[in-house]
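First up is the structure itself, then whatever we jot down about it.
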Amino acid sequence: MPTLKIETNIKEADIKDMAGALKELSKAMAETTGKPETYVGVQIIPNQNMIFGGSDAPCGQAAFMCIGKMGVEENKKHAGALYPVIEKQLGIPSDRMYISFTDAPTSELGFKGTTFHAILGR
């Protein structure tokens, strides 16, 4: 159930290994949340018209969503795990991207024709 969506002004042609970037981010998401990688979703959306800090140098915006495993200390851990991978794979410096963290209630995330509230019973 953890998801990561990165929008960036990096051109798709400049991402040397999109499949490798997605796989490495998926693994990092599973490791940092402690959730099975089979539940992780990662999306990289290149070619966006973006500006950050008044500059169109490589930048991005990311949205990280998970059921649980979120909070003050957990989010620091997640940021610490993801920023280095993002910089390595996409070339976005850590001071050129925000990550928004969302702790989703089980009733607000659907899967297999129902919600995680029904699946998990809470």
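A note on labels: chains of the structure tokens are A, B, ... as shown, every chain counts residues from 1, and ligands are counted from 1 in their shown order.
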For this session: For region 79-95 of chain A, list every protein, DNA or RNA residue within 6 Å, evaluated using only C-alpha atoms, and leave out those in the same chain fewer than 6 positions away; present the list as a ChimeraX atom specification.
Result: /A:21,58-59
Exercise. Contacts of Phe52 (chain A) at 8 Å or less, counting only C-alpha atoms, minus same-chain residues fewer than 6 places along, as a VMD selection string?
Worked result: chain A and resid 59 to 60 96 to 97
Take the residues that were just selected and, keeping N, CA, C and O atoms, output them as a PDB file, in the first residue's frame.
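Output (selection_20.pdb):
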ATOM      1  N   CYS A  59      14.472  19.478 -10.898  1.00  0.00           N
ATOM      2  CA  CYS A  59      13.700  19.571  -9.664  1.00  0.00           C
ATOM      3  C   CYS A  59      12.548  18.579  -9.722  1.00  0.00           C
ATOM      4  O   CYS A  59      12.314  17.939 -10.743  1.00  0.00           O
ATOM      5  N   GLY A  60      11.839  18.483  -8.626  1.00  0.00           N
ATOM      6  CA  GLY A  60      10.700  17.578  -8.583  1.00  0.00           C
ATOM      7  C   GLY A  60       9.801  17.857  -7.400  1.00  0.00           C
ATOM      8  O   GLY A  60      10.126  18.657  -6.513  1.00  0.00           O
ATOM      9  N   ARG A  96      16.188  20.371  -4.075  1.00  0.00           N
ATOM     10  CA  ARG A  96      15.401  20.804  -5.243  1.00  0.00           C
ATOM     11  C   ARG A  96      14.103  19.998  -5.368  1.00  0.00           C
ATOM     12  O   ARG A  96      13.513  19.912  -6.428  1.00  0.00           O
ATOM     13  N   MET A  97      13.656  19.422  -4.238  1.00  0.00           N
ATOM     14  CA  MET A  97      12.442  18.625  -4.271  1.00  0.00           C
ATOM     15  C   MET A  97      11.858  18.495  -2.878  1.00  0.00           C
ATOM     16  O   MET A  97      12.580  18.293  -1.906  1.00  0.00           O
TER      17      MET A  97
END
Near Asp103 (chain A), within 6 Å and counting only C-alpha atoms, which residues show up once chain neighbours fewer than 5 positions away are dropped, as a PDB file with all heavy atoms, in the first residue's frame?
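So result-v3.pdb came out as:
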ATOM      1  N   MET A  65       2.649   8.060   0.126  1.00  0.00           N
ATOM      2  CA  MET A  65       1.450   7.684   0.860  1.00  0.00           C
ATOM      3  C   MET A  65       1.629   6.281   1.400  1.00  0.00           C
ATOM      4  O   MET A  65       2.184   5.404   0.736  1.00  0.00           O
ATOM      5  CB  MET A  65       0.234   7.750  -0.066  1.00  0.00           C
ATOM      6  CG  MET A  65      -1.097   7.483   0.603  1.00  0.00           C
ATOM      7  SD  MET A  65      -1.528   5.740   0.840  1.00  0.00           S
ATOM      8  CE  MET A  65      -1.394   5.091  -0.797  1.00  0.00           C
ATOM      9  N   CYS A  66       1.145   6.082   2.618  1.00  0.00           N
ATOM     10  CA  CYS A  66       1.218   4.760   3.228  1.00  0.00           C
ATOM     11  C   CYS A  66       0.132   4.662   4.295  1.00  0.00           C
ATOM     12  O   CYS A  66      -0.277   5.677   4.868  1.00  0.00           O
ATOM     13  CB  CYS A  66       2.599   4.552   3.853  1.00  0.00           C
ATOM     14  SG  CYS A  66       2.937   2.853   4.379  1.00  0.00           S
ATOM     15  N   ILE A  67      -0.310   3.455   4.559  1.00  0.00           N
ATOM     16  CA  ILE A  67      -1.189   3.212   5.699  1.00  0.00           C
ATOM     17  C   ILE A  67      -0.278   2.889   6.872  1.00  0.00           C
ATOM     18  O   ILE A  67       0.407   1.863   6.883  1.00  0.00           O
ATOM     19  CB  ILE A  67      -2.155   2.038   5.436  1.00  0.00           C
ATOM     20  CG1 ILE A  67      -3.129   2.383   4.309  1.00  0.00           C
ATOM     21  CG2 ILE A  67      -2.915   1.680   6.707  1.00  0.00           C
ATOM     22  CD1 ILE A  67      -3.992   1.222   3.874  1.00  0.00           C
ATOM     23  N   GLY A  68      -0.243   3.789   7.847  1.00  0.00           N
ATOM     24  CA  GLY A  68       0.636   3.588   8.997  1.00  0.00           C
ATOM     25  C   GLY A  68       2.096   3.779   8.622  1.00  0.00           C
ATOM     26  O   GLY A  68       2.428   4.196   7.513  1.00  0.00           O
ATOM     27  N   MET A  70       3.981   6.061   9.495  1.00  0.00           N
ATOM     28  CA  MET A  70       4.195   7.476   9.201  1.00  0.00           C
ATOM     29  C   MET A  70       4.214   8.237  10.527  1.00  0.00           C
ATOM     30  O   MET A  70       3.605   7.820  11.501  1.00  0.00           O
ATOM     31  CB  MET A  70       3.065   8.022   8.325  1.00  0.00           C
ATOM     32  CG  MET A  70       2.830   7.252   7.041  1.00  0.00           C
ATOM     33  SD  MET A  70       4.127   7.441   5.853  1.00  0.00           S
ATOM     34  CE  MET A  70       3.601   8.934   5.072  1.00  0.00           C
TER      35      MET A  70
END
For this session: Would you please work out which residue, of A:Glu37, A:Ile51, A:Ala30, A:Glu24, is nearest to Ile10 (chain A) when using only C-alpha atoms?
Result: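 The answer is A:Ile51, which sits nearest to Ile10 (chain A).
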Problem set entry | Between CA of Tyr39 (chain A) and CA of Asp14 (chain A), distance in Å (one decimal) | 28.3 Å
Would you give me, as JSON lines, each residue of region 44-100 of chain A having an atom within 6 Å of an atom of region 3-8 of chain A, along with its shortest atom pair and that distance in Å to one decimal, using only C-alpha atoms and sorting by chain and residue number?
{"residue": "A:Ile44", "atom": "CA", "partner": "A:Ile6", "partner_atom": "CA", "distance": 4.8}
{"residue": "A:Ile45", "atom": "CA", "partner": "A:Glu7", "partner_atom": "CA", "distance": 4.7}
{"residue": "A:Pro46", "atom": "CA", "partner": "A:Thr8", "partner_atom": "CA", "distance": 5.0}
{"residue": "A:Gln48", "atom": "CA", "partner": "A:Thr8", "partner_atom": "CA", "distance": 5.6}
{"residue": "A:Cys59", "atom": "CA", "partner": "A:Thr8", "partner_atom": "CA", "distance": 5.8}
{"residue": "A:Gly60", "atom": "CA", "partner": "A:Thr8", "partner_atom": "CA", "distance": 4.2}
{"residue": "A:Gln61", "atom": "CA", "partner": "A:Glu7", "partner_atom": "CA", "distance": 5.4}
{"residue": "A:Ala62", "atom": "CA", "partner": "A:Ile6", "partner_atom": "CA", "distance": 4.3}
{"residue": "A:Ala63", "atom": "CA", "partner": "A:Lys5", "partner_atom": "CA", "distance": 5.2}
{"residue": "A:Phe64", "atom": "CA", "partner": "A:Leu4", "partner_atom": "CA", "distance": 4.6}
{"residue": "A:Met65", "atom": "CA", "partner": "A:Thr3", "partner_atom": "CA", "distance": 5.2}
For this session: Just list the residues in chain A DSSP gives strand (DSSP E) on the backbone, as a PyMOL selection string.
Result: chain A and resi 3-8+41-45+60-66+97-103+110-111+114-115
For this session: Could you tell me how far CA of Pro2 (chain A) lies from CA of Met50 (chain A), in Å and to one decimal?
Result: 25.0 Å
Exercise. What separation in Å, quoted to one decimal, exists between CA of Gly110 (chain A) and CA of Asn47 (chain A)?
Worked result: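 Distance between the two atoms: 28.7 Å.
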For this session: Extract the full set of helix (DSSP H, G or I) residues from chain A according to DSSP on the backbone, and format it as number ranges by chain.
Result: A: 12-14, 18-33, 37-39, 72-90, 94-96, 106-108, 116-120
Exercise. Within 9 Å of Leu22 (chain A), counting only C-alpha atoms, which residues qualify if same-chain residues fewer than 3 places away don't, as number ranges by chain?
Worked result: A: 17-19, 25-27, 42-44, 89
Output N, CA and C atoms for every residue in the selection just made, as a PDB file, in the first residue's frame.
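That gives us selection_6.pdb:
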ATOM      1  N   ASP A  17      18.050   4.884 -17.010  1.00  0.00           N
ATOM      2  CA  ASP A  17      17.487   3.557 -16.764  1.00  0.00           C
ATOM      3  C   ASP A  17      16.193   3.709 -15.971  1.00  0.00           C
ATOM      4  N   MET A  18      15.101   3.993 -16.667  1.00  0.00           N
ATOM      5  CA  MET A  18      13.820   4.203 -15.987  1.00  0.00           C
ATOM      6  C   MET A  18      13.405   2.960 -15.203  1.00  0.00           C
ATOM      7  N   ALA A  19      13.526   1.801 -15.814  1.00  0.00           N
ATOM      8  CA  ALA A  19      13.139   0.562 -15.123  1.00  0.00           C
ATOM      9  C   ALA A  19      13.984   0.360 -13.869  1.00  0.00           C
ATOM     10  N   LEU A  25      13.666   2.422  -6.373  1.00  0.00           N
ATOM     11  CA  LEU A  25      12.749   3.181  -5.508  1.00  0.00           C
ATOM     12  C   LEU A  25      11.715   2.261  -4.863  1.00  0.00           C
ATOM     13  N   SER A  26      11.230   1.279  -5.603  1.00  0.00           N
ATOM     14  CA  SER A  26      10.284   0.319  -5.045  1.00  0.00           C
ATOM     15  C   SER A  26      10.908  -0.446  -3.879  1.00  0.00           C
ATOM     16  N   LYS A  27      12.135  -0.893  -4.067  1.00  0.00           N
ATOM     17  CA  LYS A  27      12.849  -1.619  -3.005  1.00  0.00           C
ATOM     18  C   LYS A  27      13.063  -0.715  -1.796  1.00  0.00           C
ATOM     19  N   VAL A  42       5.214   2.673  -7.441  1.00  0.00           N
ATOM     20  CA  VAL A  42       6.097   3.818  -7.700  1.00  0.00           C
ATOM     21  C   VAL A  42       5.813   4.344  -9.097  1.00  0.00           C
ATOM     22  N   GLN A  43       5.719   5.645  -9.194  1.00  0.00           N
ATOM     23  CA  GLN A  43       5.472   6.292 -10.479  1.00  0.00           C
ATOM     24  C   GLN A  43       6.432   7.464 -10.627  1.00  0.00           C
ATOM     25  N   ILE A  44       7.090   7.544 -11.766  1.00  0.00           N
ATOM     26  CA  ILE A  44       7.944   8.687 -12.100  1.00  0.00           C
ATOM     27  C   ILE A  44       7.322   9.352 -13.327  1.00  0.00           C
ATOM     28  N   GLN A  89      19.392   8.248  -9.158  1.00  0.00           N
ATOM     29  CA  GLN A  89      18.689   7.754 -10.338  1.00  0.00           C
ATOM     30  C   GLN A  89      18.176   8.854 -11.266  1.00  0.00           C
TER      31      GLN A  89
END
